[in-house]
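Text of model.txt (compact mmCIF, C-alpha atoms and all ligand atoms) as supplied:
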# COMPACT_ATOMS: atom_id res chain seq x y z
CA MET A 1 -93.75 -101.56 -11.42
CA SER A 2 -92.72 -99.36 -8.49
CA GLU A 3 -94.44 -96.02 -8.18
CA ARG A 4 -92.58 -93.04 -9.59
CA THR A 5 -91.32 -90.56 -6.97
CA THR A 6 -93.08 -87.21 -7.15
CA PHE A 7 -91.28 -83.85 -6.92
CA PRO A 8 -91.46 -82.81 -3.24
CA THR A 9 -93.86 -79.99 -2.38
CA GLN A 10 -92.12 -78.99 0.82
CA GLY A 11 -88.48 -79.31 1.66
CA ARG A 12 -87.16 -81.58 4.40
CA ALA A 13 -84.89 -80.73 7.31
CA ARG A 14 -81.13 -81.19 6.93
CA ASP A 15 -80.91 -83.59 9.90
CA GLU A 16 -83.65 -85.71 8.50
CA LEU A 17 -81.98 -85.82 5.09
CA ALA A 18 -78.64 -86.81 6.62
CA ALA A 19 -80.31 -89.59 8.58
CA THR A 20 -82.17 -90.76 5.49
CA LEU A 21 -78.96 -90.89 3.48
CA GLU A 22 -77.34 -93.05 6.16
CA ARG A 23 -80.37 -95.35 6.17
CA MET A 24 -80.41 -95.61 2.37
CA ARG A 25 -76.73 -96.46 2.15
CA SER A 26 -77.07 -99.23 4.75
CA GLY A 27 -78.32 -101.48 1.95
CA ASP A 28 -75.26 -100.86 -0.26
CA ALA A 29 -72.39 -103.29 -0.65
CA ASP A 30 -69.84 -102.84 2.15
CA TRP A 31 -67.08 -101.28 0.01
CA ARG A 32 -65.22 -99.85 3.02
CA HIS A 33 -64.50 -103.41 4.08
CA GLY A 34 -63.30 -104.62 0.70
CA ARG A 35 -66.51 -106.23 -0.53
CA VAL A 36 -66.51 -104.36 -3.86
CA PRO A 37 -63.75 -105.43 -6.30
CA LEU A 38 -63.92 -102.36 -8.59
CA TYR A 39 -65.41 -98.83 -8.75
CA VAL A 40 -63.74 -97.68 -5.48
CA PHE A 41 -60.07 -97.29 -4.56
CA GLY A 42 -58.66 -97.03 -1.07
CA SER A 43 -55.23 -95.97 0.11
CA LEU A 44 -54.77 -94.44 3.57
CA PRO A 45 -57.47 -92.71 5.65
CA GLU A 46 -55.42 -89.46 5.69
CA VAL A 47 -55.29 -89.41 1.89
CA GLU A 48 -59.06 -89.67 1.68
CA ALA A 49 -59.37 -86.82 4.20
CA VAL A 50 -56.90 -84.60 2.30
CA GLY A 51 -58.83 -85.12 -0.95
CA ARG A 52 -62.20 -84.59 0.71
CA ASP A 53 -61.13 -81.36 2.48
CA ALA A 54 -59.70 -79.85 -0.70
CA TYR A 55 -62.77 -80.93 -2.66
CA ALA A 56 -65.08 -79.34 -0.09
CA ALA A 57 -63.02 -76.12 -0.09
CA TYR A 58 -63.65 -75.78 -3.85
CA PHE A 59 -67.13 -77.28 -3.79
CA THR A 60 -68.79 -74.42 -5.69
CA GLU A 61 -66.06 -73.26 -8.06
CA ASN A 62 -66.34 -74.32 -11.68
CA ALA A 63 -63.16 -75.29 -13.51
CA LEU A 64 -64.79 -74.18 -16.79
CA GLY A 65 -64.16 -70.65 -15.52
CA ALA A 66 -60.61 -71.28 -14.31
CA ARG A 67 -59.04 -69.02 -16.95
CA ARG A 68 -61.35 -66.06 -16.36
CA ALA A 69 -62.46 -66.23 -12.72
CA PHE A 70 -60.58 -68.78 -10.63
CA ALA A 71 -56.86 -68.21 -11.05
CA SER A 72 -56.15 -70.59 -8.17
CA LEU A 73 -57.89 -73.43 -10.01
CA ALA A 74 -56.04 -72.62 -13.24
CA ARG A 75 -52.78 -72.80 -11.29
CA MET A 76 -53.70 -76.11 -9.64
CA GLU A 77 -54.80 -77.69 -12.91
CA SER A 78 -51.62 -76.61 -14.63
CA ASP A 79 -49.61 -78.02 -11.67
CA VAL A 80 -51.43 -81.37 -11.88
CA ILE A 81 -50.74 -81.57 -15.61
CA ALA A 82 -47.09 -80.51 -15.17
CA MET A 83 -46.52 -83.05 -12.38
CA SER A 84 -48.07 -85.76 -14.55
CA LEU A 85 -45.96 -84.79 -17.58
CA ASP A 86 -42.91 -85.04 -15.33
CA LEU A 87 -43.96 -88.46 -14.00
CA PHE A 88 -44.50 -89.76 -17.54
CA HIS A 89 -41.22 -88.36 -18.97
CA ALA A 90 -42.95 -86.07 -21.44
CA PRO A 91 -40.89 -83.81 -23.72
CA ALA A 92 -40.82 -80.03 -23.20
CA ASP A 93 -43.51 -79.34 -25.83
CA ALA A 94 -46.03 -81.78 -24.30
CA ALA A 95 -49.42 -80.64 -22.99
CA GLY A 96 -52.67 -82.02 -21.67
CA SER A 97 -55.92 -81.51 -19.77
CA MET A 98 -57.71 -82.75 -16.69
CA THR A 99 -60.90 -84.62 -17.53
CA SER A 100 -63.78 -86.34 -15.79
CA GLY A 101 -62.29 -89.84 -16.13
CA GLY A 102 -60.81 -92.49 -18.33
CA SER A 103 -63.66 -92.50 -20.83
CA GLU A 104 -63.41 -88.77 -21.46
CA SER A 105 -59.60 -88.90 -21.65
CA ILE A 106 -59.81 -91.71 -24.21
CA LEU A 107 -62.51 -89.93 -26.18
CA LEU A 108 -60.34 -86.81 -26.40
CA ALA A 109 -57.30 -88.82 -27.50
CA VAL A 110 -59.32 -90.49 -30.29
CA LYS A 111 -60.75 -87.12 -31.36
CA ALA A 112 -57.29 -85.52 -31.36
CA CYS A 113 -55.90 -88.42 -33.41
CA ARG A 114 -58.74 -88.14 -35.93
CA ASP A 115 -58.47 -84.37 -36.32
CA HIS A 116 -54.68 -84.52 -36.49
CA ALA A 117 -54.90 -87.19 -39.22
CA ARG A 118 -57.45 -85.05 -41.10
CA VAL A 119 -55.07 -82.11 -41.14
CA ARG A 120 -52.09 -84.25 -42.12
CA ARG A 121 -54.01 -85.90 -44.95
CA GLY A 122 -55.74 -82.69 -46.01
CA ASP A 123 -59.03 -84.60 -45.87
CA ASP A 124 -61.79 -83.15 -43.66
CA GLY A 125 -63.92 -86.26 -43.95
CA PHE A 126 -61.19 -88.85 -43.16
CA ARG A 127 -62.53 -91.66 -40.95
CA GLY A 128 -59.43 -93.66 -40.06
CA ASN A 129 -59.71 -96.98 -38.24
CA LEU A 130 -58.52 -97.92 -34.73
CA VAL A 131 -56.48 -101.10 -34.15
CA LEU A 132 -56.87 -102.32 -30.56
CA PRO A 133 -55.96 -105.43 -28.62
CA GLU A 134 -59.20 -107.23 -27.72
CA THR A 135 -58.47 -106.43 -24.05
CA ALA A 136 -58.66 -102.64 -24.60
CA HIS A 137 -61.38 -100.79 -22.69
CA PRO A 138 -64.75 -100.33 -24.46
CA ALA A 139 -64.31 -96.55 -24.07
CA PHE A 140 -62.39 -96.71 -27.38
CA ASP A 141 -65.43 -98.23 -29.11
CA LYS A 142 -67.66 -95.67 -27.42
CA ALA A 143 -65.47 -92.87 -28.82
CA ALA A 144 -65.37 -94.55 -32.23
CA ARG A 145 -69.16 -94.91 -32.33
CA LEU A 146 -69.64 -91.27 -31.43
CA MET A 147 -67.29 -90.27 -34.25
CA ASP A 148 -68.42 -92.98 -36.65
CA LEU A 149 -64.96 -94.56 -36.91
CA PRO A 150 -64.25 -98.26 -37.62
CA VAL A 151 -62.63 -100.38 -34.88
CA ARG A 152 -60.54 -103.53 -35.34
CA ARG A 153 -60.13 -105.63 -32.20
CA VAL A 154 -57.18 -107.99 -32.48
CA PRO A 155 -56.70 -111.23 -30.45
CA VAL A 156 -54.03 -111.06 -27.74
CA GLY A 157 -51.15 -113.53 -27.37
CA ALA A 158 -51.05 -116.61 -25.12
CA ASP A 159 -49.69 -114.35 -22.35
CA LEU A 160 -52.87 -112.23 -22.70
CA ARG A 161 -50.80 -109.20 -23.76
CA ALA A 162 -51.30 -107.28 -27.02
CA ASP A 163 -49.69 -109.15 -29.92
CA PRO A 164 -47.74 -106.57 -31.98
CA GLY A 165 -47.45 -108.96 -34.95
CA ALA A 166 -51.21 -109.53 -35.07
CA MET A 167 -51.80 -105.80 -34.67
CA ALA A 168 -49.37 -105.06 -37.51
CA ALA A 169 -51.33 -107.48 -39.70
CA ALA A 170 -54.58 -105.61 -38.94
CA ILE A 171 -53.17 -102.25 -40.10
CA ASP A 172 -54.13 -100.90 -43.52
CA GLY A 173 -53.80 -97.60 -45.34
CA ASP A 174 -56.70 -96.13 -43.33
CA THR A 175 -55.38 -97.05 -39.88
CA MET A 176 -54.66 -94.02 -37.72
CA LEU A 177 -54.56 -95.22 -34.09
CA LEU A 178 -52.91 -98.07 -32.18
CA VAL A 179 -53.65 -98.73 -28.51
CA GLY A 180 -51.84 -100.48 -25.67
CA SER A 181 -52.97 -100.73 -22.03
CA VAL A 182 -51.00 -100.32 -18.78
CA PRO A 183 -52.46 -102.63 -17.66
CA CYS A 184 -55.56 -103.95 -19.43
CA PHE A 185 -58.65 -104.13 -17.24
CA PRO A 186 -59.64 -107.78 -17.88
CA PHE A 187 -56.35 -109.47 -16.85
CA GLY A 188 -54.16 -106.75 -15.33
CA VAL A 189 -51.23 -107.40 -17.67
CA ILE A 190 -49.20 -104.60 -19.27
CA ASP A 191 -49.07 -104.64 -23.07
CA PRO A 192 -45.64 -104.54 -24.80
CA ILE A 193 -45.68 -100.77 -25.25
CA SER A 194 -42.10 -100.49 -26.51
CA GLN A 195 -42.87 -102.86 -29.40
CA LEU A 196 -46.11 -100.99 -30.13
CA SER A 197 -44.13 -97.76 -30.06
CA GLU A 198 -41.75 -99.12 -32.72
CA LEU A 199 -44.70 -100.33 -34.78
CA ALA A 200 -46.35 -96.91 -34.56
CA LEU A 201 -43.13 -95.13 -35.60
CA SER A 202 -42.43 -97.49 -38.49
CA ARG A 203 -45.98 -97.04 -39.89
CA GLY A 204 -46.41 -93.37 -39.07
CA LEU A 205 -49.32 -94.06 -36.67
CA TRP A 206 -50.54 -92.54 -33.41
CA LEU A 207 -50.02 -94.79 -30.37
CA HIS A 208 -52.27 -94.10 -27.39
CA VAL A 209 -51.23 -95.63 -24.07
CA ASP A 210 -54.25 -96.31 -21.89
CA ALA A 211 -52.68 -96.05 -18.45
CA CYS A 212 -56.06 -95.14 -16.93
CA VAL A 213 -55.74 -97.86 -14.32
CA GLY A 214 -51.99 -98.11 -13.91
CA GLY A 215 -50.62 -94.64 -14.68
CA TYR A 216 -50.28 -93.51 -11.08
CA LEU A 217 -49.26 -96.94 -9.82
CA ALA A 218 -46.84 -98.42 -12.38
CA PRO A 219 -44.00 -95.87 -11.91
CA PHE A 220 -44.17 -96.28 -8.14
CA ALA A 221 -44.39 -100.07 -8.32
CA ARG A 222 -41.17 -99.87 -10.34
CA ALA A 223 -39.60 -97.57 -7.73
CA ALA A 224 -40.61 -100.14 -5.10
CA GLY A 225 -38.75 -102.90 -6.98
CA SER A 226 -41.31 -104.44 -9.38
CA ALA A 227 -40.24 -105.19 -12.94
CA VAL A 228 -42.38 -102.61 -14.78
CA PRO A 229 -41.31 -102.01 -18.39
CA ALA A 230 -41.08 -98.53 -19.96
CA PHE A 231 -44.55 -97.45 -21.10
CA ASP A 232 -44.68 -93.67 -21.28
CA PHE A 233 -43.36 -90.74 -23.37
CA SER A 234 -39.80 -92.06 -22.89
CA LEU A 235 -40.80 -94.29 -25.82
CA PRO A 236 -40.73 -92.10 -28.93
CA GLY A 237 -43.80 -93.65 -30.59
CA VAL A 238 -46.16 -92.76 -27.74
CA ALA A 239 -48.33 -89.89 -29.00
CA SER A 240 -50.80 -89.65 -26.12
CA LEU A 241 -51.43 -91.19 -22.71
CA SER A 242 -54.41 -91.30 -20.36
CA ALA A 243 -54.07 -91.83 -16.59
CA ASP A 244 -56.84 -91.70 -14.02
CA LEU A 245 -56.20 -89.71 -10.88
CA HIS A 246 -59.43 -91.12 -9.43
CA LYS A 247 -58.22 -94.72 -9.63
CA PHE A 248 -54.74 -95.53 -8.26
CA GLY A 249 -53.95 -91.80 -7.95
CA PHE A 250 -56.39 -92.00 -4.96
CA CYS A 251 -57.88 -88.58 -5.80
CA PRO A 252 -61.58 -87.71 -5.50
CA LYS A 253 -63.78 -88.48 -8.52
CA PRO A 254 -64.08 -87.30 -11.25
CA ALA A 255 -60.44 -86.82 -12.23
CA SER A 256 -58.16 -88.08 -14.99
CA VAL A 257 -55.53 -86.61 -17.28
CA VAL A 258 -55.03 -86.92 -21.02
CA LEU A 259 -51.55 -85.94 -22.18
CA PHE A 260 -50.13 -85.33 -25.65
CA ARG A 261 -46.54 -85.48 -26.91
CA ASP A 262 -46.75 -81.97 -28.40
CA GLN A 263 -48.89 -78.84 -28.57
CA ALA A 264 -50.23 -79.57 -32.05
CA ARG A 265 -51.66 -82.92 -30.96
CA ALA A 266 -53.05 -81.41 -27.73
CA GLU A 267 -54.77 -78.64 -29.67
CA ALA A 268 -56.43 -81.20 -31.91
CA ALA A 269 -58.29 -82.49 -28.82
CA GLY A 270 -59.85 -79.11 -28.11
CA PHE A 271 -62.93 -77.26 -29.25
CA ASP A 272 -62.90 -73.63 -30.36
CA LEU A 273 -65.86 -71.97 -32.08
CA ASP A 274 -67.51 -68.57 -32.39
CA VAL A 275 -71.04 -69.22 -33.58
CA TRP A 276 -73.45 -67.83 -30.99
CA PRO A 277 -74.30 -64.44 -29.55
CA SER A 278 -72.08 -64.97 -26.48
CA GLY A 279 -68.80 -64.99 -28.37
CA ARG A 280 -65.92 -67.44 -28.66
CA PHE A 281 -66.37 -70.79 -26.87
CA ARG A 282 -63.18 -72.65 -26.18
CA THR A 283 -62.68 -75.84 -24.12
CA GLY A 284 -59.90 -78.42 -23.95
CA THR A 285 -62.31 -81.08 -22.76
CA LEU A 286 -65.58 -82.69 -23.80
CA VAL A 287 -67.63 -81.37 -20.89
CA GLY A 288 -68.28 -77.71 -20.15
CA THR A 289 -68.84 -77.21 -16.42
CA ARG A 290 -66.27 -79.13 -14.39
CA PRO A 291 -66.10 -79.54 -10.61
CA GLY A 292 -63.46 -77.26 -9.07
CA GLY A 293 -63.34 -79.72 -6.18
CA ALA A 294 -61.90 -82.46 -8.39
CA VAL A 295 -59.04 -80.19 -9.49
CA ALA A 296 -58.28 -79.03 -5.94
CA GLY A 297 -58.63 -82.59 -4.59
CA ALA A 298 -56.15 -83.98 -7.11
CA TRP A 299 -53.69 -81.15 -6.51
CA ALA A 300 -53.84 -81.71 -2.77
CA VAL A 301 -53.49 -85.51 -2.91
CA LEU A 302 -50.53 -85.45 -5.35
CA ASN A 303 -48.77 -82.91 -3.14
CA TYR A 304 -49.67 -84.75 0.07
CA LEU A 305 -48.28 -88.09 -1.07
CA GLY A 306 -45.43 -87.15 -3.40
CA ARG A 307 -43.29 -89.85 -4.99
CA ASP A 308 -42.34 -91.28 -1.59
CA GLY A 309 -45.93 -91.62 -0.39
CA TYR A 310 -47.08 -93.27 -3.62
CA THR A 311 -44.09 -95.62 -3.58
CA ALA A 312 -44.84 -96.74 -0.03
CA ILE A 313 -48.46 -97.50 -1.01
CA ALA A 314 -47.35 -99.27 -4.21
CA SER A 315 -45.05 -101.50 -2.21
CA ARG A 316 -47.95 -102.60 0.03
CA LEU A 317 -50.22 -103.08 -2.98
CA ILE A 318 -47.77 -105.31 -4.84
CA ALA A 319 -47.17 -107.43 -1.72
CA MET A 320 -50.94 -107.72 -1.29
CA ARG A 321 -51.47 -108.80 -4.92
CA LYS A 322 -48.80 -111.49 -4.57
CA ALA A 323 -50.49 -112.81 -1.43
CA TYR A 324 -53.91 -112.89 -3.14
CA VAL A 325 -52.49 -114.70 -6.17
CA GLU A 326 -50.75 -117.28 -3.96
CA GLY A 327 -53.89 -117.80 -1.90
CA ILE A 328 -56.10 -118.21 -4.95
CA GLU A 329 -53.75 -120.68 -6.64
CA ALA A 330 -53.72 -122.74 -3.43
CA ILE A 331 -57.45 -123.40 -4.02
CA ALA A 332 -57.53 -126.27 -6.53
CA PRO A 333 -58.24 -126.14 -9.42
CA LEU A 334 -58.10 -122.31 -9.63
CA LYS A 335 -55.43 -120.62 -11.73
CA VAL A 336 -54.75 -116.91 -12.18
CA PHE A 337 -54.96 -115.89 -15.87
CA GLY A 338 -51.59 -114.69 -17.22
CA LYS A 339 -49.07 -112.90 -15.01
CA PRO A 340 -50.68 -109.78 -13.52
CA ASP A 341 -48.27 -106.86 -13.31
CA LEU A 342 -49.97 -104.56 -10.80
CA THR A 343 -53.09 -105.17 -8.67
CA ILE A 344 -55.70 -106.36 -11.17
CA PHE A 345 -56.03 -110.12 -11.50
CA ALA A 346 -58.57 -112.65 -12.77
CA PHE A 347 -58.81 -116.37 -12.23
CA GLY A 348 -60.84 -119.47 -12.96
CA ALA A 349 -60.53 -123.06 -14.15
CA PRO A 350 -62.02 -125.05 -17.02
CA GLY A 351 -65.08 -127.06 -15.98
CA LEU A 352 -66.02 -124.85 -13.02
CA ASP A 353 -69.44 -123.22 -12.90
CA ILE A 354 -68.25 -119.65 -12.39
CA ALA A 355 -71.81 -118.33 -12.14
CA ALA A 356 -72.40 -120.62 -9.15
CA ILE A 357 -69.17 -119.41 -7.50
CA ALA A 358 -70.15 -115.81 -8.12
CA GLN A 359 -73.58 -116.44 -6.60
CA ALA A 360 -72.07 -118.10 -3.55
CA MET A 361 -69.69 -115.16 -3.06
CA ALA A 362 -72.58 -112.70 -3.50
CA SER A 363 -74.61 -114.54 -0.86
CA ARG A 364 -71.67 -113.97 1.53
CA GLY A 365 -71.74 -110.20 0.82
CA TRP A 366 -69.01 -109.97 -1.87
CA VAL A 367 -69.84 -108.17 -5.12
CA PRO A 368 -68.33 -110.63 -7.60
CA GLY A 369 -66.04 -109.17 -10.29
CA MET A 370 -66.17 -111.25 -13.46
CA THR A 371 -64.53 -112.07 -16.77
CA SER A 372 -66.47 -113.72 -19.57
CA ARG A 373 -63.70 -114.95 -21.93
CA PRO A 374 -62.44 -117.13 -20.32
CA PRO A 375 -65.14 -117.42 -17.63
CA GLY A 376 -63.59 -116.24 -14.39
CA MET A 377 -63.64 -114.01 -11.35
CA HIS A 378 -61.93 -110.62 -11.35
CA MET A 379 -60.53 -108.14 -8.84
CA MET A 380 -59.04 -104.65 -9.06
CA ALA A 381 -57.53 -104.59 -5.59
CA SER A 382 -56.59 -101.51 -3.57
CA LEU A 383 -55.74 -101.17 0.11
CA LEU A 384 -59.47 -101.61 0.83
CA HIS A 385 -58.82 -105.27 0.06
CA GLU A 386 -55.69 -105.71 2.15
CA GLY A 387 -57.31 -106.60 5.46
CA VAL A 388 -60.05 -108.89 4.12
CA ARG A 389 -57.85 -111.31 2.18
CA ALA A 390 -58.23 -114.19 4.65
CA ASP A 391 -62.04 -113.81 4.69
CA TYR A 392 -62.19 -113.58 0.90
CA LEU A 393 -60.04 -116.69 0.44
CA ALA A 394 -62.02 -118.67 3.03
CA ASP A 395 -65.31 -117.82 1.32
CA LEU A 396 -63.81 -118.53 -2.10
CA THR A 397 -62.56 -121.93 -0.92
CA ALA A 398 -66.07 -122.83 0.24
CA ALA A 399 -67.66 -121.48 -2.95
CA VAL A 400 -65.31 -123.46 -5.21
CA ALA A 401 -65.78 -126.66 -3.19
CA ALA A 402 -69.56 -126.38 -3.56
CA ALA A 403 -69.56 -125.34 -7.24
CA PRO A 404 -70.83 -127.91 -9.75
CA ARG A 405 -68.40 -129.25 -12.38
CA VAL A 406 -69.90 -128.51 -15.79
CA GLU A 407 -69.17 -129.15 -19.46
CA VAL A 408 -70.33 -125.74 -20.61
CA GLN A 409 -69.22 -122.97 -18.28
CA ARG A 410 -71.71 -120.30 -17.28
CA VAL A 411 -70.39 -116.82 -16.62
CA GLY A 412 -71.68 -114.46 -13.96
CA ALA A 413 -72.55 -110.79 -13.84
CA GLU A 414 -72.31 -108.10 -16.50
CA TYR A 415 -70.77 -104.64 -16.14
C1 LIG A 501 -57.97 -99.65 -18.72
C2 LIG A 501 -59.13 -98.71 -18.53
N1 LIG A 501 -59.32 -97.69 -19.38
C3 LIG A 501 -60.35 -96.84 -19.26
C4 LIG A 501 -61.26 -96.95 -18.23
C5 LIG A 501 -62.42 -96.01 -18.14
O1 LIG A 501 -62.34 -95.17 -17.01
P1 LIG A 501 -63.58 -94.37 -16.42
O2 LIG A 501 -64.48 -95.40 -15.77
O3 LIG A 501 -62.95 -93.45 -15.43
O4 LIG A 501 -64.26 -93.65 -17.52
C6 LIG A 501 -61.10 -97.99 -17.30
C7 LIG A 501 -62.05 -98.18 -16.21
O5 LIG A 501 -61.92 -99.07 -15.40
C8 LIG A 501 -60.03 -98.91 -17.47
O6 LIG A 501 -59.86 -99.94 -16.63

Before we go any further, please render this structure as structure tokens.
Amino acid sequence: MSERTTFPTQGRARDELAATLERMRSGDADWRHGRVPLYVFGSLPEVEAVGRDAYAAYFTENALGARRAFASLARMESDVIAMSLDLFHAPADAAGSMTSGGSESILLAVKACRDHARVRRGDDGFRGNLVLPETAHPAFDKAARLMDLPVRRVPVGADLRADPGAMAAAIDGDTMLLVGSVPCFPFGVIDPISQLSELALSRGLWLHVDACVGGYLAPFARAAGSAVPAFDFSLPGVASLSADLHKFGFCPKPASVVLFRDQARAEAAGFDLDVWPSGRFRTGTLVGTRPGGAVAGAWAVLNYLGRDGYTAIASRLIAMRKAYVEGIEAIAPLKVFGKPDLTIFAFGAPGLDIAAIAQAMASRGWVPGMTSRPPGMHMMASLLHEGVRADYLADLTAAVAAAPRVEVQRVGAEY
């Protein structure tokens, strides 16, 4: 076992710390050159600089105090929410919050749905179930575990998209929430949100659209000519929607939005209590203290890029995804799973030892993204991956050629 680090007695000089940080990071995966297929998102160097400058300018401010002390942050947060409501065609009464990421946005949507259902049913102890496609993000299960709610994961169709018929069959009198993803993380396909919206309306259920990955990309991919179906509040059954600014919004982490069709639903996400000597405690989010930098960074990046800037990036991203998919399918026997809609894709082939391919890619400096069912490799590509496509495909070709053919496929890494 390695020895535990002790708390330093004396401080160290700034220069020395900066040099140490550089040295420590030299052992990390080379994400700036596209070696990491998730976790980080790149657009244009200027966008990163705009986000970083705004973040640094609000490095110390705390968005928890936006209402009382930092009017500028309150203004920026309300602008980010308003711009997002506009982008997602929300009705006039809609509202939302900025959060620390997709998981918190999803948790708040589940909590709002539960509390809203409790009020509607007049039952404070109601524990309604969640019906999800099996490709939905585990953040829904995390939320459900925290709130002790049952989850029903439903198999997806042959096209790897949510199957509205199978989801309808999983609904019972205690179902309160349906989920669709735009797109789902494992395969990058967009679920049939308009059919889920109809299902939600016909059964009186809450539909949450998890656009954490695709929210700030899908509308611009459509503007750039891709066939992206309607997925937002323009569909009347959509009750809430999450979209991560810190993914394809290209804003500094941590930043996401959770949006609700109306005030009553938005209020059900919040927390408001007066139980301690310091008075009333009211938050719209799960966390208390929130980085002011993330609010300022998001505000600056959205304003810097605007619809035109995002559309130009989306156009490059979609062209890049098509080129990756073509290149991968040119390596026999690899096939891309389903028909990816944006820039997430996964691929594999029966009888290939995926773990061996992943290991070979890792030995060439690539952090391998993985799927387990079916066994495959995975990528959530941003512009960080644009320039390294030829290198990736060359290494993948070599890795596939050397991989053993097996009867039982082994899968690679875990998340
Ligand atoms: C579809 C989807 N939803 C939710 C999340 C969770 O987001 P976060 O990691 O910001 O909590 C992710 C993360 O990749 C995701 O892909």

Taking all atoms of ligand LIG 501 (chain A) that the file lists, what box with edges along x, y and z, padded by 4 Å per side, do you get, with centre and edge lengths in Å to one decimal, as AutoDock Vina command-line options?
--center_x -61.2 --center_y -96.7 --center_z -17.4 --size_x 14.5 --size_y 14.5 --size_z 12.0

Counting only C-alpha atoms and all ligand atoms, give me one row per residue of chain A with an atom at most 9 Å from an atom of ligand LIG 501 (chain A), showing the shortest contact pair and its distance in Å to one decimal, sorted by chain then residue number, as CSV.
residue,atom,partner,partner_atom,distance
A:Leu38,CA,A:LIG501,O5,7.8
A:Tyr39,CA,A:LIG501,O5,7.5
A:Ser100,CA,A:LIG501,O3,7.2
A:Gly101,CA,A:LIG501,O3,3.7
A:Gly102,CA,A:LIG501,O1,3.4
A:Ser103,CA,A:LIG501,O4,3.6
A:Glu104,CA,A:LIG501,O4,6.3
A:Ser105,CA,A:LIG501,O4,7.8
A:Ile106,CA,A:LIG501,C3,7.1
A:Thr135,CA,A:LIG501,C1,8.6
A:Ala136,CA,A:LIG501,C1,6.6
A:His137,CA,A:LIG501,N1,5.0
A:Pro138,CA,A:LIG501,C3,7.7
A:Ala139,CA,A:LIG501,C3,6.2
A:Phe140,CA,A:LIG501,C3,8.4
A:Ser181,CA,A:LIG501,C1,6.1
A:Val182,CA,A:LIG501,C1,7.0
A:Pro183,CA,A:LIG501,C1,6.4
A:Cys184,CA,A:LIG501,C1,5.0
A:Phe185,CA,A:LIG501,O6,4.4
A:Pro186,CA,A:LIG501,O6,7.9
A:Gly188,CA,A:LIG501,C1,8.7
A:Asp210,CA,A:LIG501,N1,5.8
A:Ala211,CA,A:LIG501,C1,6.4
A:Cys212,CA,A:LIG501,N1,4.8
A:Val213,CA,A:LIG501,O6,5.2
A:Gly214,CA,A:LIG501,C1,7.8
A:Ser242,CA,A:LIG501,N1,8.1
A:Ala243,CA,A:LIG501,N1,8.3
A:Asp244,CA,A:LIG501,O3,6.5
A:Leu245,CA,A:LIG501,O3,9.0
A:His246,CA,A:LIG501,O3,7.3
A:Lys247,CA,A:LIG501,O3,7.6
A:Lys253,CA,A:LIG501,O3,8.6
A:Pro254,CA,A:LIG501,O3,7.5
A:Ala255,CA,A:LIG501,O3,7.8
A:Ser256,CA,A:LIG501,O3,7.2
A:Met380,CA,A:LIG501,O5,8.9

Inset, instruction - May I ask which of the residues A:Arg316, A:Arg68, A:Arg121, A:Arg405 is the closest one to A:Leu44, counting all atoms listed in the file? - result: A:Arg316

Legend entry - Pairwise distance for atom CA of A:Gly128 and atom CA of A:Thr285, rounded to one decimal in Å: 21.6 Å

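We find atom CA of A:Leu107 and atom CA of A:Tyr58 to be spaced 26.5 Å apart.
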
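Of the residues under consideration (A:Ala95, A:Ala401, A:Ala296, A:Ala358), A:Ala296 shows the shortest atom-to-atom contact distance to A:Phe59 when counting all atoms listed in the file.
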